[in-house]
Structure formats: structure tokens, C-alpha cells
$ cat model.pdb   # PDB, C-alpha atoms, pLDDT in the B column
ATOM      1  CA  MET Y   1      10.238   2.012  17.419  1.00 41.00           C
ATOM      2  CA  SER Y   2       8.310   1.868  20.647  1.00 45.00           C
ATOM      3  CA  GLY Y   3       7.101  -1.332  22.228  1.00 47.00           C
ATOM      4  CA  PRO Y   4       8.730  -4.728  22.584  1.00 48.00           C
ATOM      5  CA  ARG Y   5      10.462  -6.406  19.676  1.00 43.00           C
ATOM      6  CA  LYS Y   6      10.617 -10.085  18.908  1.00 45.00           C
ATOM      7  CA  PRO Y   7      14.077 -11.710  18.868  1.00 41.00           C
ATOM      8  CA  GLY Y   8      15.900 -10.799  15.658  1.00 41.00           C
ATOM      9  CA  GLN Y   9      13.300  -8.195  14.760  1.00 42.00           C
ATOM     10  CA  ARG Y  10      14.503  -4.900  13.297  1.00 43.00           C
ATOM     11  CA  ALA Y  11      12.856  -1.575  14.005  1.00 45.00           C
ATOM     12  CA  THR Y  12      12.938  -0.748  10.297  1.00 45.00           C
ATOM     13  CA  PRO Y  13      13.703  -2.789   7.194  1.00 46.00           C
ATOM     14  CA  ALA Y  14      17.324  -2.731   6.060  1.00 47.00           C
ATOM     15  CA  GLY Y  15      17.857   0.426   4.042  1.00 46.00           C
ATOM     16  CA  ALA Y  16      14.307   1.689   4.671  1.00 50.00           C
ATOM     17  CA  PRO Y  17      13.957   5.345   3.770  1.00 51.00           C
ATOM     18  CA  GLY Y  18      12.571   7.825   6.250  1.00 55.00           C
ATOM     19  CA  GLY Y  19      12.377   5.456   9.221  1.00 62.00           C
ATOM     20  CA  MET Y  20       9.547   3.313   7.829  1.00 68.00           C
ATOM     21  CA  GLN Y  21       8.357   0.926  10.546  1.00 80.00           C
ATOM     22  CA  LEU Y  22       8.237  -2.745   9.589  1.00 80.00           C
ATOM     23  CA  PHE Y  23       6.515  -3.815  12.823  1.00 83.00           C
ATOM     24  CA  ASP Y  24       3.706  -2.263  14.836  1.00 84.00           C
ATOM     25  CA  ARG Y  25       3.894  -1.464  18.553  1.00 87.00           C
ATOM     26  CA  ASP Y  26       2.764  -4.997  19.441  1.00 89.00           C
ATOM     27  CA  GLY Y  27       5.579  -6.535  17.378  1.00 86.00           C
ATOM     28  CA  SER Y  28       3.331  -7.705  14.527  1.00 85.00           C
ATOM     29  CA  ARG Y  29       4.630  -7.340  10.982  1.00 84.00           C
ATOM     30  CA  LYS Y  30       2.834  -4.556   9.058  1.00 82.00           C
ATOM     31  CA  TYR Y  31       3.716  -5.586   5.499  1.00 83.00           C
ATOM     32  CA  LEU Y  32       3.414  -8.684   3.330  1.00 86.00           C
ATOM     33  CA  THR Y  33       6.389 -10.869   2.492  1.00 87.00           C
ATOM     34  CA  VAL Y  34       7.187 -11.513  -1.173  1.00 89.00           C
ATOM     35  CA  ALA Y  35       5.472 -14.933  -0.962  1.00 92.00           C
ATOM     36  CA  GLU Y  36       2.388 -13.488   0.758  1.00 92.00           C
ATOM     37  CA  ARG Y  37       2.156 -10.755  -1.874  1.00 92.00           C
ATOM     38  CA  ALA Y  38       2.329 -13.337  -4.675  1.00 94.00           C
ATOM     39  CA  ARG Y  39      -0.471 -15.378  -3.036  1.00 95.00           C
ATOM     40  CA  PHE Y  40      -2.532 -12.225  -2.550  1.00 94.00           C
ATOM     41  CA  LEU Y  41      -2.186 -11.303  -6.236  1.00 94.00           C
ATOM     42  CA  ARG Y  42      -3.059 -14.846  -7.386  1.00 96.00           C
ATOM     43  CA  ALA Y  43      -6.174 -14.827  -5.196  1.00 96.00           C
ATOM     44  CA  ALA Y  44      -7.115 -11.352  -6.443  1.00 96.00           C
ATOM     45  CA  GLU Y  45      -7.023 -12.582 -10.043  1.00 96.00           C
ATOM     46  CA  GLN Y  46      -9.902 -14.935  -9.193  1.00 96.00           C
ATOM     47  CA  ALA Y  47     -12.035 -12.265  -7.483  1.00 96.00           C
ATOM     48  CA  PRO Y  48     -14.873 -10.274  -9.068  1.00 97.00           C
ATOM     49  CA  ARG Y  49     -13.745  -7.201 -11.040  1.00 95.00           C
ATOM     50  CA  GLU Y  50     -14.374  -4.638  -8.273  1.00 94.00           C
ATOM     51  CA  ALA Y  51     -12.460  -6.613  -5.633  1.00 95.00           C
ATOM     52  CA  ARG Y  52      -9.686  -7.455  -8.115  1.00 95.00           C
ATOM     53  CA  THR Y  53      -9.295  -3.758  -8.999  1.00 92.00           C
ATOM     54  CA  LEU Y  54      -9.071  -2.791  -5.321  1.00 94.00           C
ATOM     55  CA  CYS Y  55      -6.545  -5.542  -4.578  1.00 94.00           C
ATOM     56  CA  MET Y  56      -4.358  -4.671  -7.568  1.00 92.00           C
ATOM     57  CA  THR Y  57      -4.463  -0.971  -6.669  1.00 91.00           C
ATOM     58  CA  LEU Y  58      -3.339  -1.767  -3.124  1.00 91.00           C
ATOM     59  CA  ALA Y  59      -0.613  -4.169  -4.240  1.00 90.00           C
ATOM     60  CA  TRP Y  60       0.892  -2.087  -7.039  1.00 87.00           C
ATOM     61  CA  SER Y  61       0.498   1.438  -5.678  1.00 86.00           C
ATOM     62  CA  GLY Y  62       1.410   0.881  -2.047  1.00 84.00           C
ATOM     63  CA  CYS Y  63      -1.423   3.171  -1.001  1.00 87.00           C
ATOM     64  CA  ARG Y  64      -3.373   2.789   2.211  1.00 87.00           C
ATOM     65  CA  LEU Y  65      -6.744   1.030   2.129  1.00 91.00           C
ATOM     66  CA  SER Y  66      -8.530   4.294   2.959  1.00 89.00           C
ATOM     67  CA  GLU Y  67      -6.741   6.021   0.056  1.00 89.00           C
ATOM     68  CA  ALA Y  68      -7.758   3.296  -2.412  1.00 92.00           C
ATOM     69  CA  LEU Y  69     -11.359   3.325  -1.200  1.00 93.00           C
ATOM     70  CA  ALA Y  70     -11.480   7.112  -1.612  1.00 89.00           C
ATOM     71  CA  LEU Y  71     -10.448   6.977  -5.295  1.00 90.00           C
ATOM     72  CA  THR Y  72     -13.141   8.296  -7.612  1.00 91.00           C
ATOM     73  CA  ALA Y  73     -13.369   8.241 -11.411  1.00 91.00           C
ATOM     74  CA  ASP Y  74     -12.263  11.879 -11.650  1.00 91.00           C
ATOM     75  CA  ARG Y  75      -9.012  10.962  -9.862  1.00 90.00           C
ATOM     76  CA  VAL Y  76      -8.124   8.176 -12.318  1.00 89.00           C
ATOM     77  CA  ASP Y  77      -6.670   8.937 -15.749  1.00 88.00           C
ATOM     78  CA  LEU Y  78      -6.342   5.610 -17.558  1.00 86.00           C
ATOM     79  CA  ALA Y  79      -5.076   7.195 -20.794  1.00 86.00           C
ATOM     80  CA  GLY Y  80      -2.377   9.123 -18.942  1.00 86.00           C
ATOM     81  CA  GLY Y  81      -1.640   6.291 -16.507  1.00 85.00           C
ATOM     82  CA  VAL Y  82      -2.232   8.455 -13.436  1.00 87.00           C
ATOM     83  CA  LEU Y  83      -3.906   7.848 -10.064  1.00 88.00           C
ATOM     84  CA  VAL Y  84      -4.330  10.806  -7.701  1.00 89.00           C
ATOM     85  CA  PHE Y  85      -4.676   9.833  -4.038  1.00 87.00           C
ATOM     86  CA  ALA Y  86      -5.920  12.179  -1.342  1.00 85.00           C
ATOM     87  CA  THR Y  87      -3.689  11.520   1.655  1.00 79.00           C
ATOM     88  CA  LEU Y  88      -3.394  12.643   5.243  1.00 70.00           C
ATOM     89  CA  LYS Y  89       0.164  12.945   6.482  1.00 70.00           C
ATOM     90  CA  LYS Y  90       0.843  14.361   9.917  1.00 66.00           C
ATOM     91  CA  GLY Y  91      -2.638  15.851  10.058  1.00 69.00           C
ATOM     92  CA  SER Y  92      -2.495  17.813   6.801  1.00 70.00           C
ATOM     93  CA  ARG Y  93      -4.359  16.841   3.650  1.00 74.00           C
ATOM     94  CA  HIS Y  94      -2.489  16.711   0.349  1.00 75.00           C
ATOM     95  CA  GLU Y  95      -2.524  14.810  -2.920  1.00 78.00           C
ATOM     96  CA  SER Y  96      -0.110  12.113  -4.065  1.00 78.00           C
ATOM     97  CA  VAL Y  97       0.143  11.464  -7.772  1.00 79.00           C
ATOM     98  CA  LEU Y  98       1.100   7.968  -8.869  1.00 72.00           C
ATOM     99  CA  TYR Y  99       2.083   7.283 -12.460  1.00 76.00           C
ATOM    100  CA  VAL Y 100       1.193   3.732 -13.481  1.00 71.00           C
ATOM    101  CA  ARG Y 101       1.989   1.703 -16.560  1.00 71.00           C
ATOM    102  CA  LEU Y 102      -1.154   0.053 -17.831  1.00 60.00           C
ATOM    103  CA  GLU Y 103      -0.787  -3.027 -19.979  1.00 60.00           C
TER     104      GLU Y 103
END
$ encode --input "model.pdb" --output "C-alpha cells"
Amino acid sequence: MSGPRKPGQRATPAGAPGGMQLFDRDGSRKYLTVAERARFLRAAEQAPREARTLCMTLAWSGCRLSEALALTADRVDLAGGVLVFATLKKGSRHESVLYVRLE
């Protein structure tokens, strides 16, 4: 990780695969804690349907905001429980398929 770290701050979460960065270059945390995620999901349940759907997609898929916003109806298969995200990794475009259990 480049940039200064706060005392006790790790460059990556314990056991993080592939060198995932927990903190940005300024030392700010990039991900929600378990408690923050729970509050986010509770608040999302009270939001209008469109916002709730976006929030739940972000929370349960782990996709980036840009990936969730780019989802279109032809990339969602509710019967099959599949979301197909267009992603950009290291400058190349590819698709990530996420299998979801719908209740």
C-alpha cells in the first residue's frame, strides 16, 4: 500500500485474497464494517423500490457502483438467479457473472 497508514492500520485485511486494499492512499477505510453494513441495509429497506434495489445489489453482490448502475434488464435473469456485470479490470473490459439466490 502506498501512502501513510494510521497506527494499527493494516495494508490489507487479514487473509485478504489477491492483495485487496482495505484503506485508500489517504488512510481512509474503503469498506463498511459489519455494523455499518447492517445500518445501510436497514435504511435501504425504507427507501423507494429503485433505491432499495440499487442498495441491495451493492450490498449483496459486492459490485462497484458504476457496475450496478450499468446493469440493464437484459443482464438480469431473475428466474435463473443471475446478474451479469460489465467490468473494467486493468484497462480491459470483461463480464462477471454473479449467481444470486432470490427469496
$ atom_distance --input "model.pdb" --atom1 "CA of Gly62 in chain Y" --atom2 "CA of Ser28 in chain Y"
18.8 Å
$ closest_residue --input "model.pdb" --among "Y:Ala70, Y:Ala59, Y:Ala44, Y:Ala51" --to "Leu32 in chain Y" --atoms "all atoms listed in the file"
Y:Ala59
$ residues_around --input "model.pdb" --residues "Phe40 in chain Y" --least-positions-apart "3" --cutoff "12 Å" --atoms "all atoms listed in the file" --output "short mmCIF file (atom, residue, chain, number, x, y, z; two decimals) with C-alpha atoms, keeping the file's coordinate frame"
data_model
loop_
_atom_site.label_atom_id
_atom_site.label_comp_id
_atom_site.auth_asym_id
_atom_site.auth_seq_id
_atom_site.Cartn_x
_atom_site.Cartn_y
_atom_site.Cartn_z
CA LEU Y 32 3.41 -8.68 3.33
CA THR Y 33 6.39 -10.87 2.49
CA VAL Y 34 7.19 -11.51 -1.17
CA ALA Y 35 5.47 -14.93 -0.96
CA GLU Y 36 2.39 -13.49 0.76
CA ARG Y 37 2.16 -10.76 -1.87
CA ALA Y 43 -6.17 -14.83 -5.20
CA ALA Y 44 -7.12 -11.35 -6.44
CA GLU Y 45 -7.02 -12.58 -10.04
CA GLN Y 46 -9.90 -14.94 -9.19
CA ALA Y 47 -12.04 -12.26 -7.48
CA ALA Y 51 -12.46 -6.61 -5.63
CA ARG Y 52 -9.69 -7.46 -8.12
CA LEU Y 54 -9.07 -2.79 -5.32
CA CYS Y 55 -6.54 -5.54 -4.58
CA MET Y 56 -4.36 -4.67 -7.57
CA LEU Y 58 -3.34 -1.77 -3.12
CA ALA Y 59 -0.61 -4.17 -4.24
CA TRP Y 60 0.89 -2.09 -7.04
#
$ closest_atom_pairs --input "model.pdb" --of "range 38-67 of chain Y" --to "range 81-84 of chain Y" --cutoff "10 Å" --atoms "only C-alpha atoms" --output "tab-separated table"
residue	atom	partner	partner_atom	distance
Y:Thr57	CA	Y:Leu83	CA	9.5
Y:Ser61	CA	Y:Leu83	CA	8.9
Y:Glu67	CA	Y:Val84	CA	9.4
$ closest_residue --input "model.pdb" --among "Y:Tyr99, Y:Phe85, Y:Arg42, Y:Leu22" --to "Arg64 in chain Y" --atoms "all atoms listed in the file"
Y:Phe85
$ closest_residue --input "model.pdb" --among "Y:Val100, Y:Ala38, Y:Cys63, Y:Asp24" --to "Val76 in chain Y" --atoms "all atoms listed in the file"
Y:Val100
$ closest_residue --input "model.pdb" --among "Y:Pro48, Y:Asp26, Y:Arg101, Y:Thr53" --to "Ala79 in chain Y" --atoms "only C-alpha atoms"
Y:Arg101
$ atom_distance --input "model.pdb" --atom1 "CA of Glu50 in chain Y" --atom2 "CA of Lys30 in chain Y"
24.4 Å
$ atom_distance --input "model.pdb" --atom1 "CA of Gly27 in chain Y" --atom2 "CA of Lys89 in chain Y"
23.0 Å
$ closest_residue --input "model.pdb" --among "Y:Leu65, Y:Arg49, Y:Ala86, Y:Ala73" --to "Leu98 in chain Y" --atoms "all atoms listed in the file"
Y:Ala86
